[in-house]
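Asks: Sending over model_6.tsv (TSV, C-alpha atoms and all ligand atoms).
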```tsv
chain	number	residue	atom	x	y	z
A	1	MET	CA	-4.51	-7.68	-7.18
A	2	LYS	CA	-2.42	-4.57	-7.76
A	3	LEU	CA	0.86	-4.01	-5.94
A	4	PHE	CA	1.90	-0.82	-4.19
A	5	ILE	CA	5.09	-0.34	-2.20
A	6	ASP	CA	4.78	0.92	1.38
A	7	THR	CA	7.82	3.14	1.77
A	8	ALA	CA	9.22	6.65	1.34
A	9	ASN	CA	12.64	5.31	0.31
A	10	VAL	CA	13.20	6.37	-3.30
A	11	GLU	CA	15.92	3.76	-3.96
A	12	HIS	CA	13.57	0.97	-2.90
A	13	ILE	CA	10.78	2.45	-5.05
A	14	ARG	CA	13.13	2.73	-8.04
A	15	ASP	CA	14.22	-0.90	-7.60
A	16	ILE	CA	10.70	-2.39	-7.50
A	17	ALA	CA	9.42	-0.03	-10.24
A	18	SER	CA	12.19	-1.27	-12.56
A	19	LEU	CA	10.62	-4.77	-12.42
A	20	GLY	CA	7.41	-3.55	-14.03
A	21	ILE	CA	5.22	-4.80	-11.18
A	22	LEU	CA	4.59	-1.57	-9.28
A	23	ASP	CA	1.20	0.17	-9.48
A	24	GLY	CA	1.53	2.81	-6.75
A	25	VAL	CA	3.09	3.94	-3.48
A	26	THR	CA	1.84	4.52	0.05
A	27	THR	CA	3.65	6.54	2.70
A	28	ASN	CA	2.81	7.51	6.26
A	29	PRO	CA	4.35	9.99	8.74
A	30	THR	CA	6.56	7.25	10.26
A	31	LEU	CA	7.95	6.23	6.85
A	32	ILE	CA	8.62	9.86	5.83
A	33	ALA	CA	10.29	10.59	9.21
A	34	LYS	CA	12.52	7.51	8.76
A	35	GLU	CA	13.99	9.03	5.58
A	36	GLY	CA	14.76	12.32	7.42
A	37	ARG	CA	13.88	14.36	4.33
A	38	ASP	CA	11.32	17.08	3.58
A	39	PHE	CA	7.78	15.70	3.05
A	40	LYS	CA	7.06	17.54	-0.23
A	41	THR	CA	10.52	16.94	-1.69
A	42	VAL	CA	10.18	13.18	-1.12
A	43	LEU	CA	6.64	13.02	-2.52
A	44	ASN	CA	7.60	15.06	-5.59
A	45	GLU	CA	10.48	12.69	-6.26
A	46	ILE	CA	8.17	9.69	-5.91
A	47	THR	CA	5.70	11.17	-8.43
A	48	SER	CA	8.54	11.30	-10.98
A	49	LEU	CA	9.33	7.60	-10.42
A	50	VAL	CA	5.89	5.97	-10.41
A	51	ASP	CA	2.91	6.73	-12.61
A	52	GLY	CA	0.16	5.55	-10.27
A	53	PRO	CA	-1.62	6.53	-7.05
A	54	ILE	CA	0.73	7.90	-4.36
A	55	SER	CA	-0.60	8.37	-0.83
A	56	GLY	CA	0.65	11.23	1.34
A	57	GLU	CA	-0.79	11.42	4.85
A	58	VAL	CA	-2.17	14.43	6.74
A	59	ILE	CA	-1.04	15.06	10.30
A	60	SER	CA	-3.82	17.35	11.60
A	61	ASP	CA	-6.40	15.95	14.05
A	62	ASP	CA	-9.27	18.24	13.08
A	63	ALA	CA	-11.31	18.16	9.86
A	64	GLN	CA	-10.47	21.73	8.82
A	65	GLY	CA	-6.73	21.10	9.21
A	66	MET	CA	-6.98	17.81	7.29
A	67	ILE	CA	-8.96	19.46	4.48
A	68	LYS	CA	-6.35	22.24	4.15
A	69	GLU	CA	-3.45	19.74	4.14
A	70	GLY	CA	-5.41	17.48	1.79
A	71	ARG	CA	-5.94	20.25	-0.75
A	72	ASP	CA	-2.20	21.06	-0.63
A	73	ILE	CA	-1.24	17.40	-1.13
A	74	ALA	CA	-3.71	17.02	-4.03
A	75	LYS	CA	-2.28	20.12	-5.74
A	76	MET	CA	1.21	18.57	-5.86
A	77	HIS	CA	0.41	16.09	-8.66
A	78	PRO	CA	-2.69	14.49	-10.27
A	79	ASN	CA	-1.60	11.07	-8.90
A	80	MET	CA	-1.53	12.21	-5.27
A	81	VAL	CA	-4.01	10.59	-2.88
A	82	VAL	CA	-4.72	12.13	0.53
A	83	LYS	CA	-4.32	9.61	3.33
A	84	ILE	CA	-6.59	10.36	6.27
A	85	PRO	CA	-6.97	8.50	9.59
A	86	MET	CA	-10.25	6.72	10.39
A	87	THR	CA	-11.77	9.16	12.88
A	88	LYS	CA	-15.01	11.16	12.88
A	89	GLU	CA	-13.01	14.28	11.96
A	90	GLY	CA	-11.29	12.23	9.26
A	91	LEU	CA	-14.62	11.20	7.74
A	92	LYS	CA	-15.74	14.85	7.62
A	93	ALA	CA	-12.56	15.68	5.72
A	94	VAL	CA	-13.01	12.69	3.37
A	95	SER	CA	-16.55	13.73	2.42
A	96	THR	CA	-15.50	17.35	1.80
A	97	LEU	CA	-12.49	16.32	-0.30
A	98	ALA	CA	-14.57	13.72	-2.20
A	99	ASN	CA	-16.98	16.51	-3.21
A	100	GLU	CA	-13.97	18.33	-4.66
A	101	ASN	CA	-12.97	15.16	-6.60
A	102	ILE	CA	-9.86	14.74	-4.44
A	103	LYS	CA	-8.90	11.08	-3.96
A	104	THR	CA	-8.58	9.81	-0.39
A	105	ASN	CA	-7.20	6.73	1.37
A	106	VAL	CA	-8.72	6.11	4.81
A	107	THR	CA	-6.03	4.58	6.98
A	108	LEU	CA	-5.82	2.85	10.36
A	109	VAL	CA	-8.88	0.75	9.52
A	110	PHE	CA	-9.32	-2.30	11.76
A	111	SER	CA	-12.95	-3.34	11.22
A	112	ALA	CA	-15.53	-3.81	8.46
A	113	ASN	CA	-17.78	-1.14	10.02
A	114	GLN	CA	-14.98	1.43	9.82
A	115	ALA	CA	-14.45	0.50	6.17
A	116	LEU	CA	-18.19	0.84	5.45
A	117	PHE	CA	-18.25	4.33	7.02
A	118	ALA	CA	-15.20	5.37	5.00
A	119	ALA	CA	-16.76	4.06	1.78
A	120	ARG	CA	-20.04	5.88	2.48
A	121	ALA	CA	-18.09	9.11	3.13
A	122	GLY	CA	-16.66	8.77	-0.39
A	123	ALA	CA	-13.19	7.31	0.24
A	124	THR	CA	-11.38	6.15	-2.90
A	125	TYR	CA	-9.42	3.58	-0.86
A	126	VAL	CA	-9.61	2.00	2.61
A	127	SER	CA	-6.53	0.58	4.27
A	128	PRO	CA	-7.17	-2.24	6.75
A	129	PHE	CA	-3.99	-2.98	8.77
A	130	VAL	CA	-3.59	-6.75	8.46
A	131	GLY	CA	-0.24	-7.00	10.28
A	132	ARG	CA	-1.25	-4.93	13.27
A	133	LEU	CA	-4.48	-6.94	13.59
A	134	GLU	CA	-2.55	-10.20	13.48
A	135	ASP	CA	0.00	-8.83	16.01
A	136	THR	CA	-2.90	-8.81	18.47
A	137	LEU	CA	-4.09	-12.31	17.47
A	138	HIS	CA	-7.00	-11.09	15.34
A	139	ASP	CA	-7.56	-12.49	11.86
A	140	GLY	CA	-6.60	-9.59	9.58
A	141	ILE	CA	-7.42	-11.56	6.45
A	142	GLU	CA	-10.96	-12.21	7.65
A	143	VAL	CA	-11.40	-8.43	7.97
A	144	ILE	CA	-10.26	-8.03	4.34
A	145	ARG	CA	-12.76	-10.69	3.24
A	146	ASP	CA	-15.61	-9.08	5.25
A	147	ILE	CA	-14.88	-5.65	3.77
A	148	ARG	CA	-14.79	-7.05	0.23
A	149	ASP	CA	-18.14	-8.81	0.80
A	150	ILE	CA	-19.78	-5.57	1.94
A	151	LEU	CA	-18.31	-3.44	-0.85
A	152	ASP	CA	-19.48	-5.96	-3.45
A	153	LEU	CA	-22.91	-6.48	-1.86
A	154	TYR	CA	-23.71	-2.76	-1.95
A	155	GLU	CA	-21.80	-2.01	-5.15
A	156	LEU	CA	-19.53	0.54	-3.49
A	157	ASP	CA	-16.58	1.71	-5.61
A	158	THR	CA	-14.08	2.03	-2.76
A	159	GLN	CA	-11.00	-0.16	-3.18
A	160	ILE	CA	-9.30	-2.14	-0.42
A	161	ILE	CA	-5.57	-1.60	0.12
A	162	SER	CA	-4.33	-4.43	2.34
A	163	ALA	CA	-1.78	-2.62	4.53
A	164	SER	CA	0.65	-3.31	7.36
A	165	ILE	CA	1.79	-6.47	5.59
A	166	ARG	CA	4.61	-8.21	7.44
A	167	THR	CA	5.00	-11.56	5.66
A	168	PRO	CA	4.78	-13.10	2.17
A	169	GLN	CA	1.93	-15.22	3.50
A	170	GLN	CA	-0.10	-12.13	4.44
A	171	LEU	CA	0.54	-10.84	0.91
A	172	PHE	CA	-0.74	-14.03	-0.74
A	173	ARG	CA	-3.68	-14.32	1.65
A	174	SER	CA	-4.68	-10.70	0.93
A	175	ALA	CA	-4.88	-11.53	-2.78
A	176	GLN	CA	-6.88	-14.67	-2.04
A	177	ALA	CA	-9.31	-12.75	0.22
A	178	GLY	CA	-10.11	-10.17	-2.47
A	179	ALA	CA	-8.04	-7.10	-1.61
A	180	HIS	CA	-7.92	-4.90	-4.71
A	181	ILE	CA	-4.40	-3.79	-3.82
A	182	ALA	CA	-1.69	-4.78	-1.34
A	183	THR	CA	0.85	-2.25	-0.16
A	184	VAL	CA	4.03	-4.16	0.49
A	185	PRO	CA	7.18	-3.15	2.40
A	186	TYR	CA	10.44	-3.57	0.48
A	187	ALA	CA	11.64	-6.31	2.85
A	188	VAL	CA	8.50	-8.38	2.18
A	189	PHE	CA	8.95	-7.97	-1.61
A	190	GLU	CA	12.52	-9.24	-1.21
A	191	LYS	CA	11.38	-12.31	0.73
A	192	ALA	CA	8.46	-13.05	-1.61
A	193	PHE	CA	10.61	-13.10	-4.77
A	194	LYS	CA	12.70	-15.92	-3.45
A	195	HIS	CA	12.21	-19.66	-3.34
A	196	PRO	CA	15.03	-22.04	-2.35
A	197	LEU	CA	14.16	-24.37	-5.27
A	198	THR	CA	14.54	-21.47	-7.75
A	199	ASP	CA	18.08	-20.78	-6.46
A	200	LYS	CA	18.90	-24.48	-6.36
A	201	GLY	CA	17.58	-24.93	-9.93
A	202	ILE	CA	19.67	-22.01	-11.26
A	203	ASP	CA	22.81	-23.42	-9.59
A	204	ALA	CA	22.18	-26.88	-11.09
A	205	PHE	CA	21.56	-25.52	-14.63
A	206	LYS	CA	24.74	-23.48	-14.42
A	207	ALA	CA	26.83	-26.39	-13.08
A	208	ASP	CA	25.56	-28.76	-15.80
A	209	TRP	CA	26.24	-26.20	-18.53
A	210	GLU	CA	29.76	-25.51	-17.29
A	211	GLU	CA	30.56	-29.21	-17.00
A	212	ALA	CA	29.56	-29.73	-20.64
A	213	PHE	CA	30.84	-26.50	-22.24
A	214	GLY	CA	33.18	-24.87	-19.71
A	215	LYS	CA	32.76	-21.50	-18.01
A	216	SER	CA	31.38	-18.68	-20.16
A	217	LYS	CA	33.39	-15.42	-20.07
B	1	LIG	O1	0.39	1.57	5.23
B	1	LIG	C1	0.27	1.35	6.60
B	1	LIG	C2	1.47	0.62	7.06
B	1	LIG	O2	2.57	1.35	6.69
B	1	LIG	C3	1.56	0.31	8.51
B	1	LIG	O3	2.52	-0.70	8.62
B	1	LIG	O4	4.16	-2.13	9.69
B	1	LIG	O5	3.66	0.13	10.65
B	1	LIG	O6	2.00	-1.71	10.83
B	1	LIG	P1	3.11	-1.13	10.03
```
What would the structure in this file look like if it were written as structure tokens?
Ligand code: G3P
Replies:
Amino acid sequence: MKLFIDTANVEHIRDIASLGILDGVTTNPTLIAKEGRDFKTVLNEITSLVDGPISGEVISDDAQGMIKEGRDIAKMHPNMVVKIPMTKEGLKAVSTLANENIKTNVTLVFSANQALFAARAGATYVSPFVGRLEDTLHDGIEVIRDIRDILDLYELDTQIISASIRTPQQLFRSAQAGAHIATVPYAVFEKAFKHPLTDKGIDAFKADWEEAFGKSK
């Protein structure tokens, strides 16, 4: 499973990219607003940091508006992906942009039927929101598994981005359920790196070394 970071914070992107584990970036209007910076400036900066798919989201409600915004986003850089909400207007925009070879990521997906419609419209990616499903006591991971089954059964090329991930367990379970990609918030990356036995082991190795050879400079 590939790893994207779900943020518009360039410092966080730089940090995870430096580890060599980052395949792409997703943003949304909330994440861009949180940074308080201009949409295009932020996305341009991100394209210089990560050589992989970078999702920028449209804010129009109607297909024509989404198509116009989508074309503008796509023009910014060859790695840009147009993120479009899962509505009927959104699907019209996806099919038009797909015919122009513009990559799309259909977002706010909460069911396998929505994912199937997005895939049939020509979406490059679908983003089921695991965390928001599980917030309402639905099994988000089962939705990932169902979508993967359908995509495989009908040999559809659309890739699943497991989104709205809140915990390291949702990250692991997304991989296990067959998501092609997980988009992970910085805070979840930070938690998932750690294990108390790793820290304990490092402390013990260091203490044993220093007892035998003294402190290194
Ligand atoms: O990529 C979608 C994701 O950003 C939504 O996350 O935490 O707002 O549900 P969240």
Asks: Neighbours of region 88-94 of chain A within 12 Å (only C-alpha atoms; same-chain residues fewer than 5 positions away dropped), as a CSV table (one decimal) with C-alpha atoms, in the frame of the given file?
Replies:
```
chain,number,residue,atom,x,y,z
A,57,GLU,CA,-0.8,11.4,4.8
A,58,VAL,CA,-2.2,14.4,6.7
A,59,ILE,CA,-1.0,15.1,10.3
A,60,SER,CA,-3.8,17.4,11.6
A,61,ASP,CA,-6.4,16.0,14.0
A,62,ASP,CA,-9.3,18.2,13.1
A,63,ALA,CA,-11.3,18.2,9.9
A,64,GLN,CA,-10.5,21.7,8.8
A,65,GLY,CA,-6.7,21.1,9.2
A,66,MET,CA,-7.0,17.8,7.3
A,67,ILE,CA,-9.0,19.5,4.5
A,68,LYS,CA,-6.4,22.2,4.2
A,69,GLU,CA,-3.4,19.7,4.1
A,70,GLY,CA,-5.4,17.5,1.8
A,71,ARG,CA,-5.9,20.2,-0.8
A,81,VAL,CA,-4.0,10.6,-2.9
A,82,VAL,CA,-4.7,12.1,0.5
A,83,LYS,CA,-4.3,9.6,3.3
A,99,ASN,CA,-17.0,16.5,-3.2
A,100,GLU,CA,-14.0,18.3,-4.7
A,101,ASN,CA,-13.0,15.2,-6.6
A,102,ILE,CA,-9.9,14.7,-4.4
A,103,LYS,CA,-8.9,11.1,-4.0
A,104,THR,CA,-8.6,9.8,-0.4
A,105,ASN,CA,-7.2,6.7,1.4
A,106,VAL,CA,-8.7,6.1,4.8
A,107,THR,CA,-6.0,4.6,7.0
A,108,LEU,CA,-5.8,2.8,10.4
A,109,VAL,CA,-8.9,0.8,9.5
A,114,GLN,CA,-15.0,1.4,9.8
A,115,ALA,CA,-14.4,0.5,6.2
A,116,LEU,CA,-18.2,0.8,5.4
A,117,PHE,CA,-18.2,4.3,7.0
A,118,ALA,CA,-15.2,5.4,5.0
A,119,ALA,CA,-16.8,4.1,1.8
A,120,ARG,CA,-20.0,5.9,2.5
A,121,ALA,CA,-18.1,9.1,3.1
A,122,GLY,CA,-16.7,8.8,-0.4
A,123,ALA,CA,-13.2,7.3,0.2
A,124,THR,CA,-11.4,6.2,-2.9
A,125,TYR,CA,-9.4,3.6,-0.9
A,126,VAL,CA,-9.6,2.0,2.6
```
Asks: Which protein, DNA or RNA residues have an atom within 12 Å of ligand LIG 1 (chain B), counting only C-alpha atoms and all ligand atoms, as number ranges by chain?
Replies: A: 4-8, 25-32, 34, 54-57, 83-85, 105-110, 125-136, 140, 160-167, 181-188
Asks: Between A:Asp208, A:Pro78, A:Ala112, A:Gly36, single out the one closest to Ile150 (chain A), counting all atoms listed in the file.
Replies: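 Looking at the shortest contact to Ile150 (chain A), the residue is A:Ala112.
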Asks: Assuming 3 Å of padding per side, give the centre and edge lengths of the axis-aligned box around every listed atom of region 33-41 of chain A, in Å to one decimal and as AutoDock Vina command-line options.
Replies:
```
--center_x 10.9 --center_y 12.5 --center_z 3.8 --size_x 13.7 --size_y 16.0 --size_z 16.9
```
Asks: Could you list as a PDB file with C-alpha atoms, in the frame of the given file every residue that has an atom within 10 Å of (6.5, -1.3, -11.1), using the file's coordinates and counting only C-alpha atoms?
Replies:
```pdb
ATOM      1  CA  LEU A   3       0.860  -4.010  -5.940  1.00  0.00           C
ATOM      2  CA  PHE A   4       1.900  -0.820  -4.190  1.00  0.00           C
ATOM      3  CA  ILE A   5       5.090  -0.340  -2.200  1.00  0.00           C
ATOM      4  CA  ILE A  13      10.780   2.450  -5.050  1.00  0.00           C
ATOM      5  CA  ARG A  14      13.130   2.730  -8.040  1.00  0.00           C
ATOM      6  CA  ASP A  15      14.220  -0.900  -7.600  1.00  0.00           C
ATOM      7  CA  ILE A  16      10.700  -2.390  -7.500  1.00  0.00           C
ATOM      8  CA  ALA A  17       9.420  -0.030 -10.240  1.00  0.00           C
ATOM      9  CA  SER A  18      12.190  -1.270 -12.560  1.00  0.00           C
ATOM     10  CA  LEU A  19      10.620  -4.770 -12.420  1.00  0.00           C
ATOM     11  CA  GLY A  20       7.410  -3.550 -14.030  1.00  0.00           C
ATOM     12  CA  ILE A  21       5.220  -4.800 -11.180  1.00  0.00           C
ATOM     13  CA  LEU A  22       4.590  -1.570  -9.280  1.00  0.00           C
ATOM     14  CA  ASP A  23       1.200   0.170  -9.480  1.00  0.00           C
ATOM     15  CA  GLY A  24       1.530   2.810  -6.750  1.00  0.00           C
ATOM     16  CA  VAL A  25       3.090   3.940  -3.480  1.00  0.00           C
ATOM     17  CA  LEU A  49       9.330   7.600 -10.420  1.00  0.00           C
ATOM     18  CA  VAL A  50       5.890   5.970 -10.410  1.00  0.00           C
ATOM     19  CA  ASP A  51       2.910   6.730 -12.610  1.00  0.00           C
ATOM     20  CA  GLY A  52       0.160   5.550 -10.270  1.00  0.00           C
TER      21      GLY A  52
END
```
Asks: For CA of Glu142 (chain A) and CA of His180 (chain A), determine how far apart the two atoms are, in Å to one decimal place.
Replies: 14.7 Å
